[in-house]
$ cat run.tsv   # TSV, C-alpha atoms (C1' of nucleotides)
chain	number	residue	atom	x	y	z
R	641	MET	CA	133.81	-79.79	234.00
R	642	PRO	CA	130.79	-78.91	235.79
R	643	GLU	CA	128.20	-76.30	235.60
R	644	GLY	CA	125.41	-76.73	238.10
R	645	HIS	CA	123.58	-79.42	236.17
R	646	THR	CA	126.54	-81.77	236.56
R	647	VAL	CA	126.67	-81.28	240.29
R	648	HIS	CA	122.98	-82.05	240.69
R	649	ARG	CA	123.54	-85.15	238.66
R	650	LEU	CA	126.36	-86.10	240.98
R	651	ALA	CA	124.15	-85.62	244.02
R	652	ARG	CA	121.65	-88.05	242.53
R	653	THR	CA	124.40	-90.52	241.77
R	654	PHE	CA	125.68	-90.54	245.34
R	655	ASP	CA	122.15	-91.05	246.54
R	656	THR	CA	121.67	-94.03	244.27
R	657	LEU	CA	124.99	-95.69	244.99
R	658	PHE	CA	125.68	-94.96	248.63
R	659	ALA	CA	122.52	-93.87	250.43
R	660	GLY	CA	122.44	-95.08	253.99
R	661	GLN	CA	125.70	-96.99	253.76
R	662	GLY	CA	128.67	-96.75	256.06
R	663	LEU	CA	131.55	-95.66	253.86
R	664	ARG	CA	135.26	-96.19	253.95
R	665	VAL	CA	136.78	-92.79	253.31
R	666	SER	CA	140.40	-92.39	252.35
R	667	SER	CA	142.77	-90.05	250.56
R	668	PRO	CA	145.01	-92.08	248.26
R	669	GLN	CA	146.83	-88.91	247.28
R	670	GLY	CA	147.28	-87.95	250.92
R	671	ARG	CA	146.23	-84.34	250.67
R	672	PHE	CA	142.94	-84.98	252.42
R	673	ALA	CA	144.17	-87.52	254.93
R	674	ASP	CA	142.88	-85.65	257.99
R	675	GLY	CA	139.41	-85.06	256.61
R	676	ALA	CA	139.17	-88.63	255.40
R	677	GLY	CA	140.06	-89.86	258.85
R	678	VAL	CA	137.23	-87.84	260.36
R	679	LEU	CA	134.64	-89.22	257.95
R	680	ASP	CA	135.83	-92.79	257.69
R	681	GLY	CA	133.20	-95.24	258.83
R	682	ARG	CA	130.39	-92.67	258.92
R	683	ARG	CA	127.14	-93.22	257.09
R	684	LEU	CA	125.95	-91.20	254.13
R	685	VAL	CA	122.62	-89.64	255.06
R	686	ALA	CA	122.31	-86.71	252.65
R	687	SER	CA	123.42	-85.72	249.21
R	688	GLU	CA	122.68	-82.18	248.11
R	689	ALA	CA	123.71	-79.77	245.39
R	690	TRP	CA	123.48	-76.00	245.41
R	691	GLY	CA	124.91	-74.38	242.34
R	692	LYS	CA	128.30	-75.91	241.78
R	693	GLN	CA	128.70	-77.03	245.37
R	694	LEU	CA	128.15	-80.63	246.40
R	695	PHE	CA	127.37	-81.45	250.02
R	696	LEU	CA	127.51	-85.02	251.24
R	697	GLY	CA	126.12	-85.46	254.76
R	698	PHE	CA	127.61	-88.07	257.08
R	699	ALA	CA	126.04	-89.33	260.29
R	700	PRO	CA	128.12	-90.84	263.05
R	701	ALA	CA	129.00	-94.45	262.50
R	702	ASP	CA	126.88	-95.61	265.43
R	703	ALA	CA	123.73	-93.75	264.39
R	704	PRO	CA	120.78	-96.07	263.83
R	705	ALA	CA	120.63	-97.46	260.35
R	706	ASP	CA	117.89	-96.27	258.06
R	707	ALA	CA	116.33	-99.22	256.40
R	708	ALA	CA	114.57	-97.26	253.70
R	709	ALA	CA	116.48	-96.63	250.55
R	710	GLY	CA	117.00	-93.08	249.48
R	711	LEU	CA	118.19	-90.15	251.45
R	712	PRO	CA	116.17	-87.57	253.31
R	713	ALA	CA	115.78	-84.41	251.31
R	714	ASP	CA	117.52	-82.36	253.95
R	715	VAL	CA	118.82	-82.46	257.45
R	716	SER	CA	115.55	-81.53	259.03
R	717	ASP	CA	113.97	-84.53	257.37
R	718	ALA	CA	116.84	-86.58	258.65
R	719	GLN	CA	116.08	-85.38	262.15
R	720	VAL	CA	112.45	-86.26	261.82
R	721	ARG	CA	113.38	-89.73	260.74
R	722	GLY	CA	115.86	-90.11	263.53
R	723	VAL	CA	118.68	-90.71	261.14
R	724	SER	CA	120.98	-88.00	262.26
R	725	SER	CA	120.63	-84.67	263.93
R	726	ALA	CA	121.91	-81.53	262.33
R	727	SER	CA	124.42	-81.13	265.10
R	728	ASP	CA	126.12	-84.47	264.69
R	729	THR	CA	126.06	-84.50	260.90
R	730	LEU	CA	129.31	-83.66	259.19
R	731	TRP	CA	129.41	-82.55	255.59
R	732	LEU	CA	131.93	-83.19	252.88
R	733	ARG	CA	131.83	-80.04	250.79
R	734	THR	CA	133.40	-80.36	247.37
R	735	HIS	CA	133.65	-78.03	244.42
R	736	LEU	CA	135.05	-79.38	241.18
R	737	GLY	CA	136.38	-76.10	239.87
R	738	LEU	CA	137.52	-76.07	236.31
R	739	TYR	CA	138.72	-79.63	235.99
R	740	GLY	CA	137.79	-81.64	239.01
R	741	ALA	CA	135.99	-84.91	238.45
R	742	TRP	CA	134.29	-87.77	240.26
R	743	THR	CA	134.97	-91.19	238.87
R	744	PHE	CA	132.69	-94.10	239.70
R	745	ALA	CA	133.15	-97.80	239.46
R	746	GLY	CA	130.87	-100.48	240.69
R	747	ALA	CA	130.39	-104.14	241.25
R	748	PRO	CA	128.26	-106.03	238.78
R	749	ASP	CA	125.34	-105.82	241.19
R	750	ALA	CA	125.61	-102.08	241.71
R	751	PRO	CA	122.64	-99.99	240.64
R	752	GLU	CA	122.80	-98.48	237.21
R	753	VAL	CA	123.56	-94.82	237.46
R	754	ALA	CA	122.44	-93.19	234.26
R	755	HIS	CA	124.94	-95.38	232.46
R	756	ALA	CA	127.59	-93.84	234.56
R	757	ILE	CA	128.72	-96.90	236.35
R	758	GLY	CA	129.75	-100.44	235.82
R	759	ALA	CA	132.01	-101.47	233.03
R	760	PRO	CA	133.22	-99.38	231.40
R	761	ARG	CA	134.11	-97.17	234.25
R	762	ARG	CA	132.93	-93.68	233.68
R	763	ARG	CA	133.74	-90.34	235.11
R	764	ILE	CA	131.05	-87.85	235.83
R	765	GLY	CA	132.07	-84.28	235.52
R	766	GLU	CA	134.56	-85.09	232.85
R	767	ARG	CA	135.62	-87.83	230.60
R	768	ASP	CA	134.74	-91.43	230.39
R	769	SER	CA	137.18	-94.19	230.08
R	770	VAL	CA	139.23	-96.81	231.61
R	771	PRO	CA	138.80	-100.44	232.20
R	772	THR	CA	137.34	-101.68	235.37
R	773	SER	CA	136.74	-103.98	238.10
R	774	ALA	CA	136.18	-107.63	238.24
R	775	PRO	CA	135.32	-110.29	235.74
R	776	PRO	CA	131.56	-110.68	235.79
R	777	SER	CA	131.86	-114.24	237.00
R	778	SER	CA	133.69	-113.35	240.14
R	779	ASP	CA	131.39	-113.07	243.11
R	780	VAL	CA	133.80	-110.89	245.03
R	781	TRP	CA	134.07	-107.43	243.64
R	782	GLU	CA	137.62	-106.39	243.05
R	783	VAL	CA	137.88	-102.69	243.82
R	784	PRO	CA	139.89	-100.89	241.14
R	785	GLU	CA	143.07	-99.10	242.08
R	786	PRO	CA	142.81	-95.32	242.29
R	787	ARG	CA	143.92	-93.71	239.09
R	788	GLY	CA	145.70	-90.37	239.02
R	789	GLN	CA	145.73	-87.89	241.86
R	790	VAL	CA	142.79	-89.09	243.91
R	791	ARG	CA	142.07	-86.65	246.72
R	792	VAL	CA	139.20	-88.62	248.22
R	793	ARG	CA	137.94	-92.12	247.76
R	794	LEU	CA	134.54	-93.20	249.04
R	795	LEU	CA	134.02	-96.93	249.17
R	796	GLY	CA	130.62	-98.42	249.79
R	797	VAL	CA	129.03	-101.83	249.58
R	798	HIS	CA	129.19	-102.21	245.83
R	799	ALA	CA	130.64	-99.04	244.42
R	800	VAL	CA	133.55	-96.68	244.73
R	801	ALA	CA	133.83	-92.97	243.96
R	802	ASP	CA	137.12	-91.15	243.42
R	803	LEU	CA	137.56	-87.39	243.43
R	804	THR	CA	140.38	-85.74	241.51
R	805	GLY	CA	141.36	-82.13	241.05
R	806	PRO	CA	138.75	-80.36	243.16
R	807	THR	CA	139.09	-76.69	243.87
R	808	ALA	CA	137.48	-77.26	247.27
R	809	CYS	CA	137.30	-80.33	249.46
R	810	GLU	CA	136.68	-80.01	253.17
R	811	VAL	CA	134.73	-81.32	256.14
R	812	ILE	CA	132.33	-78.80	257.64
R	813	THR	CA	129.54	-78.66	260.21
R	814	THR	CA	125.91	-77.96	259.47
R	815	ASP	CA	126.36	-74.39	260.68
R	816	GLU	CA	129.31	-73.89	258.39
R	817	LYS	CA	127.31	-75.31	255.53
R	818	ARG	CA	124.65	-72.68	256.14
R	819	VAL	CA	127.28	-69.99	255.94
R	820	VAL	CA	128.41	-71.27	252.56
R	821	GLU	CA	124.85	-71.43	251.29
R	822	ALA	CA	124.11	-67.92	252.49
R	823	ARG	CA	126.71	-66.63	250.06
R	824	LEU	CA	125.08	-68.36	247.11
R	825	GLY	CA	122.39	-66.95	244.91
R	826	PRO	CA	119.29	-68.91	243.92
R	827	ASP	CA	119.83	-72.14	242.00
R	828	PRO	CA	117.49	-72.60	239.01
R	829	ILE	CA	117.61	-76.37	239.39
R	830	ARG	CA	116.50	-76.39	243.00
R	831	ASP	CA	112.85	-76.22	243.92
R	832	ASP	CA	113.63	-73.40	246.33
R	833	GLY	CA	115.25	-71.31	243.58
R	834	ASP	CA	114.06	-67.77	244.10
R	835	ALA	CA	113.40	-66.04	240.78
R	836	ASP	CA	112.52	-62.75	242.45
R	837	ALA	CA	115.88	-62.61	244.19
R	838	PHE	CA	117.63	-63.12	240.86
R	839	VAL	CA	115.62	-60.44	239.10
R	840	ALA	CA	116.20	-58.00	241.93
R	841	ALA	CA	119.94	-58.61	242.08
R	842	VAL	CA	120.42	-58.08	238.36
R	843	GLY	CA	118.27	-54.98	238.34
R	844	ARG	CA	120.08	-53.11	241.07
R	845	SER	CA	123.56	-53.29	239.53
R	846	ARG	CA	125.21	-51.67	236.57
R	847	VAL	CA	127.57	-54.62	236.25
R	848	THR	CA	127.00	-56.19	232.85
R	849	ILE	CA	124.45	-58.95	232.64
R	850	GLY	CA	127.19	-61.15	231.19
R	851	GLN	CA	129.27	-60.81	234.33
R	852	GLN	CA	126.34	-61.09	236.68
R	853	LEU	CA	125.33	-64.43	235.26
R	854	MET	CA	128.77	-65.77	236.19
R	855	ASP	CA	128.50	-64.41	239.74
R	856	GLN	CA	127.48	-67.27	242.00
R	857	ALA	CA	126.00	-64.81	244.47
R	858	VAL	CA	123.55	-63.64	241.80
R	859	VAL	CA	122.63	-67.04	240.42
R	860	ALA	CA	124.21	-70.32	241.47
R	861	GLY	CA	125.22	-72.98	238.99
R	862	VAL	CA	125.49	-70.97	235.80
R	863	GLY	CA	128.87	-71.27	234.07
R	864	ASN	CA	130.38	-70.05	230.86
R	865	ILE	CA	128.22	-72.19	228.58
R	866	TYR	CA	124.83	-71.44	230.11
R	867	ARG	CA	125.82	-67.79	230.40
R	868	ALA	CA	126.56	-67.48	226.71
R	869	GLU	CA	123.66	-69.58	225.53
R	870	VAL	CA	120.90	-68.15	227.66
R	871	LEU	CA	121.83	-64.62	226.63
R	872	PHE	CA	121.73	-65.61	222.99
R	873	ARG	CA	118.32	-67.20	223.43
R	874	ALA	CA	117.07	-64.06	225.12
R	875	GLY	CA	118.58	-61.84	222.45
R	876	VAL	CA	120.40	-59.81	225.08
R	877	ASP	CA	123.82	-58.24	224.59
R	878	PRO	CA	126.07	-59.60	227.36
R	879	LEU	CA	127.70	-56.22	227.77
R	880	ARG	CA	124.47	-54.47	228.67
R	881	PRO	CA	124.36	-53.30	232.30
R	882	GLY	CA	122.04	-55.45	234.37
R	883	ARG	CA	119.91	-52.52	235.47
R	884	ASP	CA	119.25	-51.65	231.83
R	885	VAL	CA	117.74	-55.02	231.02
R	886	PRO	CA	113.96	-54.96	231.48
R	887	ALA	CA	112.82	-56.95	234.50
R	888	ALA	CA	110.52	-59.03	232.32
R	889	THR	CA	113.50	-60.03	230.20
R	890	VAL	CA	115.54	-60.95	233.27
R	891	ARG	CA	112.63	-63.01	234.48
R	892	ALA	CA	112.47	-64.76	231.13
R	893	ILE	CA	116.18	-65.52	231.36
R	894	TRP	CA	115.57	-67.16	234.74
R	895	ASP	CA	112.70	-69.20	233.38
R	896	ASP	CA	114.87	-70.32	230.49
R	897	LEU	CA	117.66	-71.31	232.87
R	898	VAL	CA	115.23	-73.43	234.84
R	899	VAL	CA	114.28	-75.36	231.73
R	900	LEU	CA	117.77	-75.65	230.25
R	901	MET	CA	119.57	-76.56	233.44
R	902	ARG	CA	117.03	-79.10	234.63
R	903	ASP	CA	117.20	-80.71	231.24
R	904	GLY	CA	120.98	-80.73	231.55
R	905	ALA	CA	120.77	-82.40	234.94
R	906	ASP	CA	118.45	-85.06	233.56
R	907	HIS	CA	120.47	-85.86	230.46
R	908	GLY	CA	123.99	-84.99	231.48
R	909	ALA	CA	124.60	-82.70	228.54
R	910	ILE	CA	123.98	-79.06	227.85
R	911	VAL	CA	121.82	-78.62	224.78
R	912	THR	CA	120.45	-75.18	224.05
R	913	THR	CA	119.73	-75.23	220.34
R	914	ARG	CA	116.17	-75.56	219.18
R	915	PRO	CA	115.76	-78.43	216.71
R	916	ALA	CA	114.90	-76.06	213.87
R	917	ASP	CA	118.21	-74.26	214.35
R	918	ARG	CA	120.39	-77.34	214.29
R	919	GLY	CA	120.34	-78.99	210.91
R	920	ALA	CA	123.78	-78.79	209.47
R	921	GLY	CA	124.39	-76.23	212.09
R	922	THR	CA	123.78	-72.89	210.48
R	923	VAL	CA	121.54	-70.63	208.50
R	924	ALA	CA	119.36	-72.48	206.08
R	925	GLU	CA	121.06	-71.62	202.83
R	926	GLY	CA	124.33	-70.28	201.65
R	927	GLY	CA	126.51	-73.30	201.38
R	928	ALA	CA	128.12	-75.79	203.63
R	929	GLU	CA	128.65	-75.38	207.31
R	930	PRO	CA	132.27	-74.49	207.81
R	931	VAL	CA	134.27	-77.13	209.56
R	932	PRO	CA	135.11	-76.08	213.09
R	933	ALA	CA	138.56	-74.67	213.41
R	934	PRO	CA	141.16	-77.39	213.85
R	935	GLY	CA	142.50	-77.71	217.34
R	936	ARG	CA	139.24	-76.65	218.82
R	937	GLY	CA	138.10	-79.95	220.17
R	938	GLN	CA	134.59	-80.88	220.90
R	939	THR	CA	133.30	-79.70	224.21
R	940	ARG	CA	133.40	-82.70	226.43
R	941	GLN	CA	130.15	-83.58	228.03
R	942	ASN	CA	129.14	-86.51	230.15
R	943	THR	CA	125.94	-87.57	228.56
R	944	ASP	CA	123.83	-90.49	229.52
R	945	GLY	CA	124.77	-92.02	226.22
R	946	SER	CA	121.31	-92.02	224.80
R	947	PRO	CA	121.34	-92.72	221.07
R	948	ASP	CA	119.29	-89.67	220.16
R	949	ALA	CA	121.64	-87.32	221.93
R	950	VAL	CA	122.32	-84.10	220.08
R	951	PRO	CA	125.88	-84.10	218.71
R	952	SER	CA	128.02	-81.69	220.63
R	953	ASP	CA	128.81	-79.65	217.54
R	954	GLN	CA	125.12	-78.87	217.22
R	955	ALA	CA	124.33	-78.31	220.85
R	956	PHE	CA	125.19	-74.63	221.16
R	957	TYR	CA	124.34	-71.35	219.47
R	958	VAL	CA	127.47	-69.41	220.30
R	959	TYR	CA	129.65	-71.20	222.84
R	960	HIS	CA	132.99	-72.06	221.23
R	961	ARG	CA	131.63	-71.02	217.85
R	962	ASP	CA	133.59	-67.80	217.43
R	963	GLY	CA	134.19	-67.04	213.79
R	964	LEU	CA	131.51	-69.45	212.65
R	965	PRO	CA	128.27	-68.07	211.23
R	966	CYS	CA	125.47	-67.47	213.68
R	967	ARG	CA	122.90	-70.25	213.34
R	968	VAL	CA	120.13	-67.69	213.07
R	969	CYS	CA	121.46	-64.69	211.16
R	970	GLY	CA	124.69	-65.96	209.64
R	971	SER	CA	126.97	-63.22	210.89
R	972	PRO	CA	130.18	-64.36	212.56
R	973	VAL	CA	129.96	-65.27	216.23
R	974	LEU	CA	132.08	-62.95	218.34
R	975	VAL	CA	134.42	-63.74	221.20
R	976	LYS	CA	136.01	-61.51	223.78
R	977	GLU	CA	137.89	-62.14	226.97
R	978	LEU	CA	136.01	-60.72	229.88
R	979	ALA	CA	137.08	-61.13	233.48
R	980	GLY	CA	139.42	-63.90	232.46
R	981	ARG	CA	136.83	-65.94	230.64
R	982	ASN	CA	135.85	-66.16	227.02
R	983	LEU	CA	132.53	-64.57	226.24
R	984	PHE	CA	130.76	-65.65	223.06
R	985	TRP	CA	127.87	-63.84	221.45
R	986	CYS	CA	126.24	-62.71	218.22
R	987	GLY	CA	126.57	-58.99	217.66
R	988	VAL	CA	123.48	-58.93	215.44
R	989	CYS	CA	121.00	-61.13	217.27
R	990	GLN	CA	121.89	-59.83	220.71
R	991	THR	CA	121.22	-56.18	221.41
J	308	DT	C1'	158.10	-84.04	225.70
J	309	DT	C1'	156.06	-79.84	226.27
J	310	DG	C1'	152.56	-76.54	226.69
J	311	DG	C1'	147.98	-74.75	226.14
J	312	DA	C1'	143.30	-74.94	227.27
J	313	DA	C1'	139.37	-76.19	230.03
J	314	DT	C1'	132.16	-75.48	231.53
J	315	DG	C1'	136.09	-72.02	238.51
J	316	DG	C1'	137.08	-69.31	242.11
J	317	DA	C1'	139.88	-67.26	246.05
J	318	DC	C1'	142.62	-63.66	247.21
J	319	DA	C1'	145.67	-59.50	246.91
J	320	DA	C1'	146.35	-54.90	245.47
Q	543	DT	C1'	142.53	-56.11	237.40
Q	544	DG	C1'	146.09	-59.71	238.08
Q	545	DT	C1'	147.95	-64.10	240.12
Q	546	DC	C1'	147.68	-68.40	241.74
Q	547	DC	C1'	145.82	-73.14	242.52
Q	548	DC	C1'	143.80	-77.71	241.27
Q	549	DT	C1'	144.59	-81.98	237.14
Q	550	DT	C1'	144.08	-84.07	232.73
Q	551	DC	C1'	144.14	-84.43	227.82
Q	552	DC	C1'	145.57	-83.57	223.29
Q	553	DA	C1'	147.88	-80.88	219.71
Q	554	DA	C1'	152.14	-79.24	218.62
Q	555	DT	C1'	157.10	-79.74	218.92

$ encode --input "run.tsv" --output "structure tokens"
Amino acid sequence: MPEGHTVHRLARTFDTLFAGQGLRVSSPQGRFADGAGVLDGRRLVASEAWGKQLFLGFAPADAPADAAAGLPADVSDAQVRGVSSASDTLWLRTHLGLYGAWTFAGAPDAPEVAHAIGAPRRRIGERDSVPTSAPPSSDVWEVPEPRGQVRVRLLGVHAVADLTGPTACEVITTDEKRVVEARLGPDPIRDDGDADAFVAAVGRSRVTIGQQLMDQAVVAGVGNIYRAEVLFRAGVDPLRPGRDVPAATVRAIWDDLVVLMRDGADHGAIVTTRPADRGAGTVAEGGAEPVPAPGRGQTRQNTDGSPDAVPSDQAFYVYHRDGLPCRVCGSPVLVKELAGRNLFWCGVCQT
DNA sequence: TTGGAATGGACAA
DNA sequence: TGTCCCTTCCAAT
């Protein structure tokens, strides 16, 4: 379940596992058989994320191999290095939507991917799980069977990646990729993220700031969690029209997104609470933290498993905390359905 | 065994 | 605004 940070993490993972390799591409489920046939045998020469979109660049199978590990930062670099020209590169564009996921498994000698590979098999963009591959003693890696509805399988030298449940999965040209990117707003995780463009877009519309943050043409990569959390941290009422939010505040929201989302990409989990506001989870005094409502499971996150990770029930100020006391002021966190999505906020702290 | 819910988005009206 | 699609997991029957 990806917001932009997950997709950037995925891009890094593909780089680590498959950079420069010729890949076997298939569609176990069958729904991407044509596209898989086009890409099969091509070599992965780029791995990019923009917002929630993942672009994997494939050079023709007969293009000269690139000895150096790591992928060029973009196609123009690839051209300079003679790896692949923009015109003969094909891109696999995928978007995970609400419940798509990439699952990785690797041979014992595969590179570690932020604890996301090897036994146990782990799924990035969703849940962990499931046994894996070969006994460590075996010197031939036994590739695991696809599990579930696998739209695309990429098989490299020592690792395999399976895609399930994407909302988008298609092969496009470099020109078509540019068209997709032109529709996207700036991405706070990318170095080319344009803060001015974000501030300007928000300021010229009376659409609420809460809705604008979910609009990928305004800012790419923000989802329901970052939307709720960044507005809480800024003390801004999500229902305020964008043009009524001071430009300096909008700028501060961007700056906060840069920090939060890059941290999310590095660690695999969204954590927005400041340490002082965590504790048992609520205002300093006044009794025990209420137990979260039953049936409201923990928000699943694909962390890097580090032992000092913030527990998921302490990671957020307002997301999925409706009815619970605000961590700062103690008043109940509010929830309201807006444009088909749940919006969470504190009616006291956010004005 | 069934049915919501989930961190999305495209498209129609 | 509403409807539909994609897939999995877990709580409720």

$ interface_residues --input "run.tsv" --of "chain Q" --to "chain R" --cutoff "7 Å" --atoms "all atoms listed in the file" --output "JSON list (two decimals) with C-alpha atoms (C1' of nucleotides), keeping the file's coordinate frame"
[["chain", "number", "residue", "atom", "x", "y", "z"],
["Q", 548, "DC", "C1'", 143.80, -77.71, 241.27],
["Q", 549, "DT", "C1'", 144.59, -81.98, 237.14],
["Q", 553, "DA", "C1'", 147.88, -80.88, 219.71]]

$ interface_residues --input "run.tsv" --of "chain R" --to "chain J" --cutoff "6 Å" --atoms "all atoms listed in the file" --output "JSON, numbers by chain"
{"R": [641, 642, 643, 737, 738, 863, 864, 865]}

$ atom_distance --input "run.tsv" --atom1 "CA of Ala887 (chain R)" --atom2 "CA of Ala689 (chain R)"
27.5 Å

$ atom_distance --input "run.tsv" --atom1 "CA of Val885 (chain R)" --atom2 "CA of Gly963 (chain R)"
26.7 Å

$ residues_around --input "run.tsv" --residues "region 829-833 of chain R" --least-positions-apart "6" --cutoff "12 Å" --atoms "only C-alpha atoms (C1' of nucleotides)" --output "ChimeraX atom specification"
/R:643-649,688-692,713,839,858-862,894-906

$ residues_near_point --input "run.tsv" --point "(125.8, -53.6, 234.1)" --cutoff "12 Å" --atoms "only C-alpha atoms (C1' of nucleotides)" --output "list of chain:residue names"
R:Ala841, R:Val842, R:Gly843, R:Arg844, R:Ser845, R:Arg846, R:Val847, R:Thr848, R:Ile849, R:Gly850, R:Gln851, R:Gln852, R:Leu853, R:Asp877, R:Pro878, R:Leu879, R:Arg880, R:Pro881, R:Gly882, R:Arg883, R:Asp884, R:Val885

$ residues_around --input "run.tsv" --residues "Leu684 (chain R)" --least-positions-apart "5" --cutoff "10 Å" --atoms "only C-alpha atoms (C1' of nucleotides)" --output "MDAnalysis selection string"
chainID R and resid 654:655 658:663 679 696:701 711 729:731 796

$ atom_distance --input "run.tsv" --atom1 "CA of Pro668 (chain R)" --atom2 "CA of Trp781 (chain R)"
19.4 Å
